[in-house]
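Shown next: target.txt, given as compact mmCIF, C-alpha atoms and all ligand atoms.
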```txt
# COMPACT_ATOMS: atom_id res chain seq x y z
CA MET J 1 13.80 -18.34 -15.09
CA LYS J 2 14.18 -14.98 -13.46
CA TYR J 3 11.56 -15.73 -10.82
CA ASN J 4 10.38 -19.14 -9.66
CA LYS J 5 6.94 -19.84 -11.11
CA ILE J 6 4.82 -21.96 -8.81
CA ILE J 7 1.30 -23.30 -9.34
CA ASP J 8 -0.19 -23.47 -5.86
CA PRO J 9 -1.11 -27.13 -5.24
CA ILE J 10 -3.95 -26.22 -2.86
CA VAL J 11 -5.63 -23.06 -4.10
CA LYS J 12 -7.10 -23.63 -7.57
CA GLY J 13 -5.74 -21.23 -10.19
CA LEU J 14 -3.29 -19.50 -7.86
CA LEU J 15 -0.12 -18.66 -9.75
CA LYS J 16 2.90 -17.50 -7.74
CA PHE J 17 6.20 -15.94 -8.69
CA LEU J 18 8.90 -16.09 -6.04
CA ASP J 19 12.03 -14.00 -5.86
CA LYS J 20 14.24 -16.22 -3.75
CA ASP J 21 16.77 -13.54 -2.85
CA SER J 22 14.28 -11.10 -1.33
CA GLY J 23 11.50 -13.47 -0.29
CA TYR J 24 8.92 -11.48 -2.31
CA THR J 25 6.09 -13.55 -3.79
CA LEU J 26 3.67 -12.24 -6.38
CA ASN J 27 0.28 -13.96 -6.05
CA ILE J 28 -2.05 -14.00 -9.02
CA HIS J 29 -5.48 -15.58 -8.72
CA GLN J 30 -6.24 -16.56 -12.28
CA ASP J 31 -9.76 -17.62 -11.39
CA ILE J 32 -10.82 -14.12 -10.42
CA ARG J 33 -14.46 -15.10 -10.03
CA SER J 34 -13.51 -17.05 -6.88
CA GLU J 35 -12.01 -13.87 -5.37
CA ASN J 36 -14.60 -11.15 -4.94
CA LEU J 37 -12.46 -8.10 -4.30
CA ALA J 38 -10.11 -6.75 -6.94
CA PHE J 39 -7.27 -6.25 -4.47
CA GLN J 40 -7.28 -9.98 -3.74
CA HIS J 41 -6.68 -10.91 -7.37
CA ILE J 42 -3.08 -9.75 -7.40
CA SER J 43 -0.92 -9.02 -4.35
CA PHE J 44 2.52 -9.59 -2.88
CA ASP J 45 3.72 -11.44 0.20
CA VAL J 46 7.06 -10.76 1.79
CA GLU J 47 8.62 -13.29 4.09
CA ASP J 48 11.26 -12.66 6.71
CA ASN J 49 13.11 -9.63 5.45
CA PHE J 50 10.96 -6.83 6.90
CA LYS J 51 11.11 -8.26 10.42
CA PHE J 52 7.49 -7.26 10.98
CA PRO J 53 5.81 -8.90 13.98
CA ASN J 54 4.21 -11.72 12.01
CA ASN J 55 7.32 -12.22 9.93
CA SER J 56 5.21 -11.89 6.82
CA MET J 57 3.62 -8.91 5.16
CA TRP J 58 0.78 -8.69 2.66
CA ILE J 59 1.22 -5.88 0.15
CA THR J 60 -2.04 -5.08 -1.55
CA GLY J 61 -3.25 -2.54 -4.08
CA ARG J 62 -6.83 -1.61 -3.23
CA ASN J 63 -8.93 0.43 -5.58
CA LEU J 64 -10.16 3.58 -3.86
CA ILE J 65 -13.67 2.12 -3.73
CA ASP J 66 -12.36 -0.63 -1.38
CA TYR J 67 -10.79 1.80 1.14
CA ASP J 68 -12.41 2.67 4.45
CA PRO J 69 -15.62 4.70 3.90
CA LYS J 70 -14.11 7.82 5.48
CA VAL J 71 -11.35 7.78 2.85
CA ILE J 72 -13.80 7.20 0.00
CA GLU J 73 -15.90 10.15 1.21
CA LEU J 74 -12.94 12.55 1.36
CA ILE J 75 -13.23 15.52 -0.94
CA LEU J 76 -9.77 15.68 -2.44
CA ASN J 77 -8.19 19.10 -2.34
CA PRO J 78 -5.03 19.91 -4.34
CA GLU J 79 -3.95 22.45 -1.71
CA LEU J 80 -3.56 19.90 1.08
CA GLN J 81 -0.53 17.83 2.10
CA TYR J 82 -1.46 14.14 2.02
CA ILE J 83 0.60 11.31 3.51
CA ASP J 84 -0.24 7.63 2.97
CA VAL J 85 1.41 5.34 5.53
CA GLY J 86 1.62 1.75 4.30
CA ALA J 87 0.36 2.72 0.86
CA GLY J 88 1.38 -0.53 -0.79
CA ILE J 89 0.08 -0.33 -4.36
CA GLY J 90 -3.19 1.25 -3.22
CA GLU J 91 -4.94 3.70 -5.53
CA PHE J 92 -5.21 6.68 -3.16
CA ILE J 93 -2.02 8.62 -3.99
CA PRO J 94 -1.97 7.61 -7.69
CA ARG J 95 -5.58 8.87 -7.89
CA LEU J 96 -4.52 12.22 -6.40
CA VAL J 97 -1.73 12.54 -8.95
CA ARG J 98 -3.93 11.46 -11.86
CA THR J 99 -6.68 13.88 -10.82
CA PHE J 100 -4.66 17.01 -10.08
CA ASP J 101 -1.15 16.36 -11.46
CA SER J 102 0.74 19.68 -11.66
CA ARG J 103 -2.08 21.48 -9.80
CA LEU J 104 -1.00 19.74 -6.57
CA ILE J 105 0.54 22.37 -4.30
CA HIS J 106 2.36 19.75 -2.19
CA LYS J 107 3.78 16.52 -3.52
CA PRO J 108 1.91 13.66 -1.84
CA ILE J 109 4.11 11.61 0.49
CA ILE J 110 4.19 7.82 0.81
CA ILE J 111 5.82 6.14 3.79
CA GLU J 112 6.25 2.50 2.83
CA PRO J 113 9.24 0.14 3.09
CA ALA J 114 8.21 -2.15 0.20
CA ASP J 115 10.61 -2.67 -2.70
CA TYR J 116 8.67 -0.98 -5.52
CA GLU J 117 11.38 -1.52 -8.15
CA LEU J 118 11.29 -5.25 -7.53
CA MET J 119 7.49 -5.41 -7.53
CA LEU J 120 7.43 -3.49 -10.81
CA ASP J 121 9.83 -5.97 -12.37
CA MET J 122 7.93 -9.00 -11.06
CA LEU J 123 4.61 -7.66 -12.35
CA ASP J 124 6.15 -6.96 -15.72
CA TYR J 125 7.67 -10.46 -15.83
CA SER J 126 4.35 -12.11 -14.95
CA LYS J 127 2.58 -10.63 -17.98
CA ARG J 128 3.96 -13.18 -20.40
CA PHE J 129 2.19 -15.97 -18.46
CA LEU J 130 -1.26 -14.36 -18.37
CA ASN J 131 -3.96 -15.24 -20.87
CA GLU J 132 -6.93 -13.41 -19.40
CA ARG J 133 -7.39 -9.82 -20.52
CA ALA J 134 -8.83 -8.81 -17.14
CA LEU J 135 -5.69 -9.99 -15.37
CA SER J 136 -3.30 -8.27 -17.77
CA ASP J 137 -5.32 -5.08 -17.36
CA ARG J 138 -5.02 -5.36 -13.59
CA VAL J 139 -1.26 -5.95 -13.80
CA ASN J 140 -0.94 -2.90 -16.06
CA GLU J 141 -2.93 -0.80 -13.60
CA LEU J 142 -0.62 -1.81 -10.73
CA ILE J 143 2.44 -1.14 -12.89
CA ASP J 144 1.09 2.31 -13.72
CA ARG J 145 0.51 3.06 -10.03
CA ILE J 146 4.07 2.01 -9.15
CA ASN J 147 5.44 4.18 -11.94
CA ILE J 148 3.61 7.15 -10.43
CA ILE J 149 4.88 6.28 -6.93
CA LEU J 150 8.47 6.02 -8.19
CA ASN J 151 8.27 9.31 -10.09
CA SER J 152 10.00 11.72 -7.75
CA ASN J 153 8.53 14.69 -9.64
CA LYS J 154 5.06 13.53 -8.61
CA VAL J 155 5.42 11.70 -5.28
CA THR J 156 7.83 11.85 -2.35
CA LEU J 157 8.51 8.21 -1.47
CA ILE J 158 9.97 7.68 1.99
CA ASN J 159 11.01 4.09 1.42
CA LYS J 160 11.16 3.01 5.04
CA SER J 161 8.89 2.02 7.90
CA LEU J 162 6.90 4.65 9.77
CA GLU J 163 9.01 3.98 12.86
CA ASN J 164 12.14 5.02 10.94
CA ALA J 165 10.46 7.80 8.96
CA VAL J 166 9.39 9.74 12.08
CA LYS J 167 13.08 10.18 12.91
CA GLU J 168 13.21 12.69 10.02
CA GLN J 169 12.48 16.11 11.49
CA GLU J 170 11.26 17.57 8.19
CA LEU J 171 8.27 15.18 8.18
CA LEU J 172 6.95 16.30 11.55
CA GLY J 173 3.87 18.52 11.71
CA ILE J 174 3.41 18.88 7.95
CA ALA J 175 0.37 16.76 7.01
CA ASP J 176 -3.19 17.96 6.54
CA VAL J 177 -4.46 14.42 5.94
CA ILE J 178 -2.86 11.07 6.80
CA ILE J 179 -4.28 7.85 5.40
CA ASP J 180 -3.38 4.54 7.00
CA ASN J 181 -5.63 2.10 5.19
CA ALA J 182 -4.85 -1.45 6.35
CA GLY J 183 -1.28 -0.16 6.56
CA ALA J 184 1.14 0.30 9.46
CA SER J 185 -1.52 0.28 12.20
CA HIS J 186 -3.14 -2.87 10.85
CA TYR J 187 0.06 -4.87 11.20
CA ALA J 188 1.37 -3.42 14.45
CA ASN J 189 1.27 -5.19 17.80
CA ASP J 190 0.28 -1.84 19.30
CA PHE J 191 -1.83 0.13 16.82
CA LYS J 192 -2.30 3.04 19.24
CA TYR J 193 1.48 3.52 19.33
CA ILE J 194 1.45 3.65 15.51
CA TRP J 195 -1.33 6.26 15.59
CA ASP J 196 0.73 8.30 18.08
CA LEU J 197 3.64 8.23 15.64
CA GLU J 198 1.36 9.20 12.76
CA LYS J 199 -0.08 12.10 14.77
CA LYS J 200 3.46 13.52 15.03
CA LEU J 201 3.33 14.05 11.25
CA LEU J 202 0.05 16.00 11.44
CA LYS J 203 -0.46 19.75 11.49
CA PRO J 204 -2.39 20.86 14.61
CA ASN J 205 -5.73 20.69 12.76
CA GLY J 206 -4.79 17.77 10.50
CA ILE J 207 -6.78 14.56 10.32
CA LEU J 208 -5.71 10.94 10.61
CA LEU J 209 -7.93 8.42 8.81
CA SER J 210 -7.44 4.86 9.96
CA GLU J 211 -9.54 1.95 11.10
CA VAL J 212 -8.35 -1.12 12.98
CA VAL J 213 -10.59 -4.15 13.28
CA LYS J 214 -9.88 -6.51 16.18
CA SER J 215 -11.95 -9.29 17.73
CA SER J 216 -12.62 -6.83 20.58
CA GLY J 217 -14.12 -4.19 18.24
CA VAL J 218 -13.43 -1.58 15.59
CA TYR J 219 -11.11 1.27 16.59
CA TYR J 220 -10.61 4.77 15.17
CA PRO J 221 -7.84 7.25 16.08
CA ASN J 222 -10.15 9.90 17.54
CA SER J 223 -12.36 7.57 19.55
CA SER J 224 -9.61 5.38 21.01
C1 LIG T 1 -2.28 -4.81 3.32
S1 LIG T 1 -1.15 -3.62 2.66
C2 LIG T 1 -2.23 -2.20 2.45
C3 LIG T 1 -1.85 -1.42 1.24
C4 LIG T 1 -2.84 -0.32 0.84
N1 LIG T 1 -2.92 0.71 1.86
C5 LIG T 1 -4.21 -0.89 0.57
O1 LIG T 1 -5.16 -0.48 1.26
O2 LIG T 1 -4.34 -1.76 -0.30
C6 LIG T 1 -0.20 -3.17 4.11
C7 LIG T 1 0.96 -2.27 3.77
O3 LIG T 1 1.44 -1.65 4.97
C8 LIG T 1 2.83 -1.59 4.91
N2 LIG T 1 3.35 -1.47 6.29
C9 LIG T 1 3.23 -2.35 7.29
N3 LIG T 1 3.82 -1.92 8.40
C10 LIG T 1 4.33 -0.71 8.11
C11 LIG T 1 5.08 0.25 8.86
N4 LIG T 1 5.42 0.03 10.12
N5 LIG T 1 5.43 1.41 8.25
C12 LIG T 1 5.08 1.63 6.95
N6 LIG T 1 4.38 0.75 6.19
C13 LIG T 1 4.02 -0.41 6.76
C14 LIG T 1 3.24 -2.89 4.21
O4 LIG T 1 4.53 -2.84 3.64
C15 LIG T 1 2.13 -3.04 3.19
O5 LIG T 1 2.45 -2.49 1.95
```
What is this structure when it is put down as structure tokens?
Ligand SMILES: C[S@@+](CC[C@H](N)C(=O)[O-])C[C@H]1O[C@@H](n2cnc3c(N)ncnc32)[C@H](O)[C@@H]1O
Amino acid sequence: MKYNKIIDPIVKGLLKFLDKDSGYTLNIHQDIRSENLAFQHISFDVEDNFKFPNNSMWITGRNLIDYDPKVIELILNPELQYIDVGAGIGEFIPRLVRTFDSRLIHKPIIIEPADYELMLDMLDYSKRFLNERALSDRVNELIDRINIILNSNKVTLINKSLENAVKEQELLGIADVIIDNAGASHYANDFKYIWDLEKKLLKPNGILLSEVVKSSGVYYPNSS
């Protein structure tokens, strides 16, 4: 078998595919009624290799409707430069491309270290084990999003962490809108430091949309 197929002994209906070499695990909740939100049905975990603080990273693919309200309320404008930091397989940038396609003046930018080629292959591999139409449809949707993200005619993928991406001078001061939806700031020890890095990518009047929920409260870039 290309990937190790594991039936989770604890969580009912949880099917996992593990790529031993990279530590990527694809999690598929076959009993989708027990998981309320679509982004929880299918997601990836990465152990060890990213060296993130918790030594494990959850890579999700939210539908736009599950993003922070400020992102949902955005009126998308094909003339603006958008950057999504920690995009995962989220719908935001694919939605932009699907909506405006060649009318986009600036290619949207994704800053994300995840291995999209591997995730694409694992999703494709998993399809032969799925019986439920709703799950296959979801896998196909995520595959389609990754194909958009990997299409360099449509999206500029900076396949590295934000901390490494800001070292590239050409990214500084170019963004009208930055989205960090449960992305880099969510996983950082110091989310304000991450916001400071993200602000370096903004034009002077650009906006940064992010929300960090901690036990001490909910934080936003402009009010922190
Ligand atoms: C929970 S997922 C969120 C994905 C998507 N934004 C969504 O809302 O479903 C977190 C993502 O942030 C990315 N990430 C975490 N730390 C990052 C960093 N320092 N720089 C860039 N991306 C990061 C991870 O690789 C992961 O794909």
Select, counting only C-alpha atoms, all protein, DNA and RNA residues no farther than 12 Å from (3.3, -15.3, -19.3) in file coordinates, and express the selection as a PDB file with C-alpha atoms, in the frame of the given file.
```
ATOM      1  CA  MET J   1      13.800 -18.340 -15.090  1.00  0.00           C
ATOM      2  CA  TYR J   3      11.560 -15.730 -10.820  1.00  0.00           C
ATOM      3  CA  LYS J   5       6.940 -19.840 -11.110  1.00  0.00           C
ATOM      4  CA  LEU J  15      -0.120 -18.660  -9.750  1.00  0.00           C
ATOM      5  CA  LYS J  16       2.900 -17.500  -7.740  1.00  0.00           C
ATOM      6  CA  PHE J  17       6.200 -15.940  -8.690  1.00  0.00           C
ATOM      7  CA  ILE J  28      -2.050 -14.000  -9.020  1.00  0.00           C
ATOM      8  CA  GLN J  30      -6.240 -16.560 -12.280  1.00  0.00           C
ATOM      9  CA  MET J 122       7.930  -9.000 -11.060  1.00  0.00           C
ATOM     10  CA  LEU J 123       4.610  -7.660 -12.350  1.00  0.00           C
ATOM     11  CA  ASP J 124       6.150  -6.960 -15.720  1.00  0.00           C
ATOM     12  CA  TYR J 125       7.670 -10.460 -15.830  1.00  0.00           C
ATOM     13  CA  SER J 126       4.350 -12.110 -14.950  1.00  0.00           C
ATOM     14  CA  LYS J 127       2.580 -10.630 -17.980  1.00  0.00           C
ATOM     15  CA  ARG J 128       3.960 -13.180 -20.400  1.00  0.00           C
ATOM     16  CA  PHE J 129       2.190 -15.970 -18.460  1.00  0.00           C
ATOM     17  CA  LEU J 130      -1.260 -14.360 -18.370  1.00  0.00           C
ATOM     18  CA  ASN J 131      -3.960 -15.240 -20.870  1.00  0.00           C
ATOM     19  CA  GLU J 132      -6.930 -13.410 -19.400  1.00  0.00           C
ATOM     20  CA  LEU J 135      -5.690  -9.990 -15.370  1.00  0.00           C
ATOM     21  CA  SER J 136      -3.300  -8.270 -17.770  1.00  0.00           C
ATOM     22  CA  VAL J 139      -1.260  -5.950 -13.800  1.00  0.00           C
TER      23      VAL J 139
END
```
Residues within 6 Å of region 61-73 of chain J, please, as a list in words. Count only C-alpha atoms; anything in the same chain fewer than 2 positions from it doesn't count.
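What passes the distance filter is Phe39, Ile89, Gly90, Glu91 and Phe92 of chain J.
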Could you make a table, as a Markdown table, of the residues of region 26-70 of chain J that have an atom within 10 Å of an atom of region 101-120 of chain J, each with its nearest atom pair and distance in Å to one decimal, counting only C-alpha atoms, in chain and number order?
```
| residue | atom | partner | partner_atom | distance |
| --- | --- | --- | --- | --- |
| J:Leu26 | CA | J:Met119 | CA | 7.9 |
| J:Ser43 | CA | J:Met119 | CA | 9.7 |
| J:Phe44 | CA | J:Met119 | CA | 8.0 |
| J:Val46 | CA | J:Ala114 | CA | 8.8 |
| J:Phe50 | CA | J:Pro113 | CA | 8.1 |
| J:Met57 | CA | J:Ala114 | CA | 9.6 |
| J:Ile59 | CA | J:Ala114 | CA | 7.9 |
```
Shell of 10 Å around Trp58 (chain J), only C-alpha atoms, local chain residues under 2 positions omitted, as an MDAnalysis selection string
chainID J and resid 24:25 43:47 56 60:61 88 182:183 187
If we count only C-alpha atoms and set the cut-off at 12 Å, which residues sit around region 163-165 of chain J, ignoring sequence neighbours fewer than 2 positions away in its own chain? Please answer as a ChimeraX atom specification.
/J:52,83,85-86,109-113,157-161,167-172,184-185,188,193-198,200-201
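Across the structure, CA of Val11 (chain J) and atom C6 of ligand LIG 1 (chain T) are spaced 22.2 Å apart.
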Best match for closeness to ligand LIG 1 (chain T) among J:Arg145, J:Arg133, J:Lys214, J:His29, counting all atoms listed in the file:
J:Arg145
